[in-house]
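Q: Below: one structure in structure tokens.
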Amino acid sequence: VKMATKMLLGNNFSSITNFEEDENSILTYVVHKYSRIIYTDNPHDQIQDGHQILSEFPQYLILKLSQPSIVKTITFGKYEKAHVCNLKKFCVYGGLTEDNMVLLLESGLKNNSIPEVFNLRHTIGCNKFPVRYIKIMPLQTWGSTFNFSIWHVSLKGCGDWNVVHKCINAYSEYREKEAIRLCLKHLREFNYSEAFDSLLKHSKVQLEDPFLTEIHDELVKKGNHERCEELVQKAYEEGYFQQYITQLDYKPKWNPIIVSTDSTFKETPGMRGGHQMCIDVNHQIIYLFGGWDGTQDLSDLWSFNISTEEWTCISRDTSQEGGPCGRSCHKMCLDSKRRQIFTLGRFVDPSMRNEENMKSDFYLYEIESNSWTSISDDTSSVGGPSLIFDHQIVMDEDNRVIYVFGGRVVTPNEDASTARSREHKYSGLFSYHVSTNTWKQLMEDGPSFSCSKIRARIGHSMLFHSGTRELFILGGQRHKEFLTDFFTYSVDTNTICFISDGTKKESGSLPSPGFTQKATIDTNLNEIHILAGLSKEKNRKVENVRNSFWIYNISQNKSCVYHNEVSTEEHDGKKAHQQPLEPCPRYAYQLVYDHSKKEKSKIN
């Protein structure tokens with residue numbers, strides 16, 4: 001199969017003193033071997049691809065680096081528009097020799113003109129390992145009967161010999177030790193005691209953790225089962241099984257919070273949707289503000305004491321106390337260090353939209369002083385977003401920066417015919433610096449992703465990871481399309497990295513397209529929790545109203561899921577005296593997370 005290639009060669013290396021600082025240097029290479037190839041430098045010429053399918057398989061392209069390097073990323077450039085010869089599936093291998101390579105990547109390209117960057121496996125154990133050869137193996141094109149085309153390949157990483165030489169030595173030592181460990185394991189398994197002791201003594205290689213050796217001696221050599229049970233218990237107490245436990249499937253256990261209403265002085269907030277909640281973990285208080293009760297937007301502010309399970313009405317109408325007016329579909333975030341709550345956005349009914357009611361007000365609530373402050377009457381006039389609803393807002397407490405993404409822009413009132421012919425307008429990505437009281441637009445909204453544009457949406461989830469300093473954005477809806485992409489945005493480098501674009505096979509491990517799913521994050525466990533009540537299954541027009549709870553492990557790039565088997569109708573059919581095992585499926589709800597107790601709380 002013919003492969004049209006355009007190779008982008010980088011400049012020679014400068015001296016690199018630190019791998020982490022210069023890990024993205026362009027690495028130079030030459031085409032070393034190939035199964036069949038047309039070498040060209042004309043990305044605008046489609047004719048040279050041809051459409052002849054040959055019987056040779058597998059196809060491959062081997063690149064030889066100018067010197068051994070630690071290759072961290074590979075970039076695939078593409079034709080100037082979608083092309084049937086783009087690689088839908090491919091594998092990348094690497095090694096110091098061409099006859100001894102390991103799998104570095106298994107993935108595929110999207111069928112568009114946007115270059116894609118992939119992270120390559122570059123560590124074994126705790127050591128980085130260098131490669132001299134990179135082997136690209138095309139497996140499938142977007143056109144089922146078309147040839148493979150590789151338009152552009154760029155490799156980035158570290159090529160400084162001072163760094164690479166140490167990694168080569170460490171990698172060689174690692175391979176030698178692993179080979180010795182395999183020999184030791186074999187000798188012990190077949191009871192070659194003298195050979196085992198001799199190799200262990202002369203190599204000084206540790207076969208395994210001393211704790212495992214002790215268990216082996218007690219169980220296999222001595223047959224002391226009681227001592228083995230004591231050792232297993234000790235291992236559990238010292239956390240030896242923690243990594244294994246984190247990989248097990250979770251089992252849900254719902255605990256209803258039944259607030260006592262025996263006293264006439266105890267009040268609780270009424271039923272609502274489109275409200276907002278945030279949790280002050282340090283003081284074990286949940287705050288609830290606003291929402292829609294079916295007839296009007298609410299402006300009441302409540303607090304819920306988790307310890308005593310009691311509600312307190314802080315304000316029945318915050319607008320009378322210098323705070324925001326009644327609203328729904330707004331968003332709040334909490335600065336737990338300074339005990340401040342920020343709220344932005346709201347939905348305005350089309351019949352109520354006028355020039356005065358279209359301003360994007362921005363408020364701050366001081367918990368300690370129980371006072372509201374109007375930060376801005378209209379954020380759009382000072383570089384911030386226009387009036388929006390169903391957006392997302394998170395806060396970087398350490399740097400006092402608020403990030404706002406997505407949401408639909410509230411537009412002036414218009415007649416029905418104009419509204420149907422006009423597409424909705426969405427808001428991009430903004431940051432607000434609390435200390436300087438300044439807004440900055442980080443990315444504009446666009447129909448597709450680019451270096452300056454991001455595909456905005458509503459009903460999505462956004463979380464901030466304080467450790468990696470990334471925004472995690474999942475799902476949502478844009479116009480009539482339900483989105484299932486999952487990506488990160490680095491707040492320091494202003495770059496986007498896709499965990500899943502929603503089209504590949506790994507999208508099956510992510511939630512189905514949902515509407516207003518809610519998510520929380522635990523930066524210590526490196527986990528994201530997603531609760532969805534209303535989802536739209538692929539290839540089905542009907543909506544699925546069932547609870548699903550997802551837990552995504554960021555480090556392992558794996559997720560597990562719990563689906564309930566009780567629909568809304570079945571839940572409502574239960575007798576009044578029967579306590580449901582879990583909340584009925586819903587949308588327009590709120591979810592908060594208490595990382596100190598590893599518990600989630602949800603309000604009806």
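Going by the structure tokens order, chains are called A, B, ..., each with residues numbered from 1, while ligands are numbered from 1 in the order shown.
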Compile the contact shell of Lys88 (chain A) as a ChimeraX atom specification: residues with an atom at most 6 Å away, counting only C-alpha atoms, same-chain residues fewer than 6 positions apart removed.
A: /A:108-109,140-142
Q: For region 109-227 of chain A versus region 231-237 of chain A, which residues have an atom no more than 9 Å away, and what is each residue's nearest atom pair and distance in Å rounded to one decimal, using only C-alpha atoms, chain-then-number order, as CSV?
A:
```
residue,atom,partner,partner_atom,distance
A:Phe211,CA,A:Leu231,CA,8.2
A:Glu214,CA,A:Leu231,CA,8.6
A:Ile215,CA,A:Leu231,CA,7.0
A:Glu226,CA,A:Leu231,CA,8.8
A:Arg227,CA,A:Leu231,CA,6.3
```
Q: Let me see the file: selected residues, N, CA and C atoms, as a short mmCIF file (atom, residue, chain, number, x, y, z; two decimals), in the first residue's frame.
A:
```cif
data_model
loop_
_atom_site.label_atom_id
_atom_site.label_comp_id
_atom_site.auth_asym_id
_atom_site.auth_seq_id
_atom_site.Cartn_x
_atom_site.Cartn_y
_atom_site.Cartn_z
N PHE A 211 8.74 -8.48 52.27
CA PHE A 211 7.50 -8.94 52.88
C PHE A 211 6.97 -10.17 52.13
N GLU A 214 9.04 -13.21 52.97
CA GLU A 214 8.68 -13.78 54.27
C GLU A 214 7.41 -14.62 54.18
N ILE A 215 6.43 -14.13 53.42
CA ILE A 215 5.20 -14.92 53.24
C ILE A 215 5.51 -16.23 52.53
N GLU A 226 -1.07 -19.92 60.17
CA GLU A 226 -1.45 -18.88 61.13
C GLU A 226 -0.56 -17.65 60.99
N ARG A 227 0.75 -17.90 60.84
CA ARG A 227 1.67 -16.78 60.67
C ARG A 227 1.39 -16.04 59.36
#
```
Q: Considering only C-alpha atoms, state which residue in the set A:Glu194, A:Glu238, A:Glu470, A:Asp361 is at the smallest distance from Thr488 (chain A).
A: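 Nearest to Thr488 (chain A): A:Glu470.
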Q: As a PyMOL selection string, which residues of region 315-446 of chain A does DSSP assign to alpha helix (DSSP H)?
A: chain A and resi 416-421
Q: Restrict the selected residues to N, CA, C and O atoms and save them as a short mmCIF file (atom, residue, chain, number, x, y, z; two decimals), in the first residue's frame.
A:
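Full text of part-v6.cif as output:
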```cif
data_model
loop_
_atom_site.label_atom_id
_atom_site.label_comp_id
_atom_site.auth_asym_id
_atom_site.auth_seq_id
_atom_site.Cartn_x
_atom_site.Cartn_y
_atom_site.Cartn_z
N ALA A 416 -40.88 34.43 16.93
CA ALA A 416 -40.66 32.99 16.85
C ALA A 416 -39.96 32.57 15.56
O ALA A 416 -39.09 31.70 15.56
N SER A 417 -40.34 33.18 14.44
CA SER A 417 -39.74 32.80 13.16
C SER A 417 -38.25 33.12 13.13
O SER A 417 -37.43 32.35 12.63
N THR A 418 -37.89 34.27 13.68
CA THR A 418 -36.47 34.65 13.73
C THR A 418 -35.70 33.73 14.66
O THR A 418 -34.56 33.35 14.37
N ALA A 419 -36.29 33.37 15.77
CA ALA A 419 -35.62 32.51 16.75
C ALA A 419 -35.33 31.13 16.17
O ALA A 419 -34.29 30.54 16.44
N ARG A 420 -36.25 30.59 15.36
CA ARG A 420 -36.05 29.26 14.78
C ARG A 420 -34.93 29.27 13.75
O ARG A 420 -34.20 28.29 13.61
N SER A 421 -34.81 30.35 13.00
CA SER A 421 -33.81 30.40 11.94
C SER A 421 -32.43 30.79 12.45
O SER A 421 -31.45 30.66 11.72
#
```
Q: Smallest atom-to-atom distance to Tyr552 (chain A): which of A:Gly270, A:Tyr250, A:Ile168, A:Val205, using only C-alpha atoms?
A: A:Tyr250
Q: For CA of Phe498 (chain A) and CA of Asp396 (chain A), quote the distance in Å rounded to one decimal.
A: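 Answer for the CA of Phe498 (chain A) to CA of Asp396 (chain A) separation: 21.5 Å.
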Q: Under the rule that only C-alpha atoms are counted, which of A:Ser381, A:Asn119, A:Ser371, A:Thr97 is the nearest residue to Glu321 (chain A)?
A: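 Looking only at the distances to Glu321 (chain A), the closest residue turns out to be A:Ser371.
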Q: As an exercise, work out the distance from CA of Gly406 (chain A) to CA of Ser490 (chain A) in Å and give it to one decimal place.
A: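 Going from CA of Gly406 (chain A) over to CA of Ser490 (chain A) covers 16.4 Å.
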Q: Name all residues at most 12 Å from Asp349 (chain A) (count only C-alpha atoms; drop same-chain ones fewer than 3 positions away) and give them as a PyMOL selection string.
A: chain A and resi 292+295-297+327-329+346+352-354+357-358+389+410-414
Q: Please write the residues from the selection above to a file, keeping N, CA, C and O atoms, as an mmCIF file, in the first residue's frame.
A:
```cif
data_model
loop_
_atom_site.group_PDB
_atom_site.id
_atom_site.type_symbol
_atom_site.label_atom_id
_atom_site.label_comp_id
_atom_site.auth_asym_id
_atom_site.auth_seq_id
_atom_site.Cartn_x
_atom_site.Cartn_y
_atom_site.Cartn_z
ATOM 1 N N TRP A 292 -35.559 27.610 40.429
ATOM 2 C CA TRP A 292 -36.886 27.814 39.862
ATOM 3 C C TRP A 292 -37.841 26.840 40.534
ATOM 4 O O TRP A 292 -37.609 25.630 40.550
ATOM 5 N N THR A 295 -42.903 28.313 39.272
ATOM 6 C CA THR A 295 -43.677 29.531 38.987
ATOM 7 C C THR A 295 -42.806 30.776 38.927
ATOM 8 O O THR A 295 -43.146 31.736 38.250
ATOM 9 N N GLN A 296 -41.679 30.767 39.631
ATOM 10 C CA GLN A 296 -40.843 31.969 39.683
ATOM 11 C C GLN A 296 -39.402 31.616 40.008
ATOM 12 O O GLN A 296 -39.107 30.550 40.559
ATOM 13 N N ASP A 297 -38.492 32.537 39.656
ATOM 14 C CA ASP A 297 -37.097 32.419 40.065
ATOM 15 C C ASP A 297 -36.976 32.824 41.534
ATOM 16 O O ASP A 297 -37.579 33.801 41.974
ATOM 17 N N ARG A 327 -33.044 34.067 40.502
ATOM 18 C CA ARG A 327 -32.429 33.537 39.290
ATOM 19 C C ARG A 327 -32.362 32.017 39.326
ATOM 20 O O ARG A 327 -32.429 31.394 40.391
ATOM 21 N N SER A 328 -32.195 31.459 38.137
ATOM 22 C CA SER A 328 -31.966 30.027 37.973
ATOM 23 C C SER A 328 -30.970 29.831 36.836
ATOM 24 O O SER A 328 -30.711 30.761 36.058
ATOM 25 N N CYS A 329 -30.415 28.631 36.742
ATOM 26 C CA CYS A 329 -29.403 28.303 35.727
ATOM 27 C C CYS A 329 -28.166 29.172 35.869
ATOM 28 O O CYS A 329 -27.425 29.380 34.896
ATOM 29 N N ARG A 346 -27.479 33.885 34.718
ATOM 30 C CA ARG A 346 -28.870 33.553 35.017
ATOM 31 C C ARG A 346 -29.635 33.425 33.709
ATOM 32 O O ARG A 346 -29.224 33.932 32.668
ATOM 33 N N MET A 352 -39.346 38.510 29.262
ATOM 34 C CA MET A 352 -38.853 39.481 30.234
ATOM 35 C C MET A 352 -37.578 40.189 29.775
ATOM 36 O O MET A 352 -37.011 40.985 30.511
ATOM 37 N N ARG A 353 -37.117 39.872 28.575
ATOM 38 C CA ARG A 353 -35.837 40.407 28.139
ATOM 39 C C ARG A 353 -35.983 41.841 27.622
ATOM 40 O O ARG A 353 -36.733 42.105 26.687
ATOM 41 N N ASN A 354 -35.235 42.721 28.262
ATOM 42 C CA ASN A 354 -35.169 44.110 27.824
ATOM 43 C C ASN A 354 -33.747 44.604 28.071
ATOM 44 O O ASN A 354 -32.903 43.882 28.595
ATOM 45 N N ASN A 357 -32.528 44.342 31.654
ATOM 46 C CA ASN A 357 -32.520 43.003 32.227
ATOM 47 C C ASN A 357 -31.530 42.079 31.533
ATOM 48 O O ASN A 357 -31.509 40.881 31.815
ATOM 49 N N MET A 358 -30.737 42.605 30.619
ATOM 50 C CA MET A 358 -29.817 41.776 29.839
ATOM 51 C C MET A 358 -28.366 41.931 30.294
ATOM 52 O O MET A 358 -27.454 41.461 29.630
ATOM 53 N N PHE A 389 -26.213 31.475 30.687
ATOM 54 C CA PHE A 389 -26.820 30.506 31.601
ATOM 55 C C PHE A 389 -26.372 29.110 31.194
ATOM 56 O O PHE A 389 -25.926 28.883 30.074
ATOM 57 N N VAL A 410 -27.557 34.945 26.536
ATOM 58 C CA VAL A 410 -28.933 35.439 26.505
ATOM 59 C C VAL A 410 -29.009 36.557 25.468
ATOM 60 O O VAL A 410 -28.324 37.573 25.582
ATOM 61 N N THR A 411 -29.819 36.341 24.451
ATOM 62 C CA THR A 411 -29.943 37.312 23.355
ATOM 63 C C THR A 411 -31.243 38.087 23.484
ATOM 64 O O THR A 411 -32.189 37.634 24.154
ATOM 65 N N PRO A 412 -31.343 39.259 22.851
ATOM 66 C CA PRO A 412 -32.568 40.058 22.938
ATOM 67 C C PRO A 412 -33.794 39.307 22.454
ATOM 68 O O PRO A 412 -33.690 38.363 21.661
ATOM 69 N N ASN A 413 -34.939 39.751 22.909
ATOM 70 C CA ASN A 413 -36.190 39.096 22.539
ATOM 71 C C ASN A 413 -36.428 39.226 21.051
ATOM 72 O O ASN A 413 -36.142 40.244 20.429
ATOM 73 N N GLU A 414 -36.936 38.160 20.431
ATOM 74 C CA GLU A 414 -37.194 38.165 18.995
ATOM 75 C C GLU A 414 -38.426 37.313 18.721
ATOM 76 O O GLU A 414 -38.845 36.498 19.536
#
```
Q: Neighbours of Glu366 (chain A) within 8 Å (only C-alpha atoms; same-chain residues fewer than 2 positions away dropped), as an MDAnalysis selection string?
A: chainID A and resid 339:341 364 368:372
Q: Could you build a table of the residues in region 353-400 of chain A lying no more than 10 Å from region 429-435 of chain A, giving for each the nearest pair of atoms and their separation in Å rounded to one decimal place, using only C-alpha atoms, ordered by chain and ascending residue number, as CSV?
A:
```
residue,atom,partner,partner_atom,distance
A:Ile375,CA,A:Val434,CA,9.8
A:Gly383,CA,A:Phe430,CA,9.0
A:Gly384,CA,A:Phe430,CA,6.8
A:Pro385,CA,A:Phe430,CA,7.1
A:Gln392,CA,A:Leu429,CA,9.8
A:Ile393,CA,A:Phe430,CA,9.5
A:Val394,CA,A:Ser431,CA,9.7
A:Met395,CA,A:Tyr432,CA,9.3
A:Asp396,CA,A:His433,CA,9.7
A:Glu397,CA,A:Val434,CA,9.9
A:Asn399,CA,A:His433,CA,8.2
A:Arg400,CA,A:Val434,CA,5.6
```
Q: Could you write out that same residue set with N, CA, C and O atoms as a PDB file, in the first residue's frame?
A:
```pdb
ATOM      1  N   ILE A 375     -19.815  43.056  42.395  1.00  0.00           N
ATOM      2  CA  ILE A 375     -18.496  43.234  41.775  1.00  0.00           C
ATOM      3  C   ILE A 375     -18.625  43.998  40.468  1.00  0.00           C
ATOM      4  O   ILE A 375     -17.825  44.879  40.160  1.00  0.00           O
ATOM      5  N   GLY A 383     -14.678  43.309  29.836  1.00  0.00           N
ATOM      6  CA  GLY A 383     -13.883  42.229  29.262  1.00  0.00           C
ATOM      7  C   GLY A 383     -14.307  40.834  29.637  1.00  0.00           C
ATOM      8  O   GLY A 383     -13.639  39.864  29.258  1.00  0.00           O
ATOM      9  N   GLY A 384     -15.409  40.686  30.366  1.00  0.00           N
ATOM     10  CA  GLY A 384     -15.886  39.374  30.776  1.00  0.00           C
ATOM     11  C   GLY A 384     -16.966  38.853  29.852  1.00  0.00           C
ATOM     12  O   GLY A 384     -17.257  39.428  28.792  1.00  0.00           O
ATOM     13  N   PRO A 385     -17.619  37.758  30.211  1.00  0.00           N
ATOM     14  CA  PRO A 385     -18.660  37.175  29.363  1.00  0.00           C
ATOM     15  C   PRO A 385     -19.942  38.000  29.379  1.00  0.00           C
ATOM     16  O   PRO A 385     -20.202  38.758  30.318  1.00  0.00           O
ATOM     17  N   GLN A 392     -20.350  26.851  33.212  1.00  0.00           N
ATOM     18  CA  GLN A 392     -19.650  26.248  34.345  1.00  0.00           C
ATOM     19  C   GLN A 392     -18.623  27.233  34.882  1.00  0.00           C
ATOM     20  O   GLN A 392     -18.039  28.016  34.122  1.00  0.00           O
ATOM     21  N   ILE A 393     -18.410  27.176  36.200  1.00  0.00           N
ATOM     22  CA  ILE A 393     -17.492  28.090  36.854  1.00  0.00           C
ATOM     23  C   ILE A 393     -16.728  27.337  37.937  1.00  0.00           C
ATOM     24  O   ILE A 393     -17.331  26.587  38.713  1.00  0.00           O
ATOM     25  N   VAL A 394     -15.397  27.482  37.963  1.00  0.00           N
ATOM     26  CA  VAL A 394     -14.546  26.853  38.978  1.00  0.00           C
ATOM     27  C   VAL A 394     -13.530  27.883  39.445  1.00  0.00           C
ATOM     28  O   VAL A 394     -13.313  28.910  38.790  1.00  0.00           O
ATOM     29  N   MET A 395     -12.857  27.576  40.561  1.00  0.00           N
ATOM     30  CA  MET A 395     -11.916  28.539  41.124  1.00  0.00           C
ATOM     31  C   MET A 395     -10.591  27.895  41.485  1.00  0.00           C
ATOM     32  O   MET A 395     -10.549  26.799  42.048  1.00  0.00           O
ATOM     33  N   ASP A 396      -9.513  28.580  41.133  1.00  0.00           N
ATOM     34  CA  ASP A 396      -8.168  28.261  41.588  1.00  0.00           C
ATOM     35  C   ASP A 396      -7.929  29.095  42.843  1.00  0.00           C
ATOM     36  O   ASP A 396      -7.591  30.278  42.758  1.00  0.00           O
ATOM     37  N   GLU A 397      -8.119  28.477  44.002  1.00  0.00           N
ATOM     38  CA  GLU A 397      -8.064  29.224  45.262  1.00  0.00           C
ATOM     39  C   GLU A 397      -6.666  29.751  45.565  1.00  0.00           C
ATOM     40  O   GLU A 397      -6.519  30.831  46.138  1.00  0.00           O
ATOM     41  N   ASN A 399      -4.313  30.861  43.532  1.00  0.00           N
ATOM     42  CA  ASN A 399      -3.992  32.056  42.755  1.00  0.00           C
ATOM     43  C   ASN A 399      -5.157  33.030  42.652  1.00  0.00           C
ATOM     44  O   ASN A 399      -5.046  34.053  41.974  1.00  0.00           O
ATOM     45  N   ARG A 400      -6.284  32.683  43.278  1.00  0.00           N
ATOM     46  CA  ARG A 400      -7.479  33.527  43.280  1.00  0.00           C
ATOM     47  C   ARG A 400      -7.921  33.874  41.858  1.00  0.00           C
ATOM     48  O   ARG A 400      -8.119  35.038  41.494  1.00  0.00           O
TER      49      ARG A 400
END
```
Q: Write out as a VMD selection string all residues of region 301-430 of chain A that DSSP puts in strand (DSSP E) for this structure's backbone.
A: chain A and resid 301 to 305 310 to 315 331 to 335 340 to 344 362 to 366 371 to 376 388 to 389 392 to 396 401 to 405 408 to 409 429 to 430
Q: When you count only C-alpha atoms, which of these residues is closest to Phe549 (chain A): A:Trp254, A:Tyr244, A:Phe464, A:Phe347?
A: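 The shortest atom-to-atom distance to Phe549 (chain A) comes from A:Trp254.
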Q: Quick one: everything within 9 Å of Tyr287 (chain A), counting only C-alpha atoms, minus sequence neighbours fewer than 6 positions away in the same chain. Send it as a ChimeraX atom specification.
A: /A:276-280,301-304
Q: Given only C-alpha atoms as the basis, pick out the residue of A:Gly143, A:Gly322, A:Gly273, A:Gly125 nearest to Glu173 (chain A).
A: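 That would be A:Gly125, the residue with the smallest distance to Glu173 (chain A).
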Q: Interatomic distance between CA of Glu218 (chain A) and CA of Tyr174 (chain A)?
A: 29.3 Å
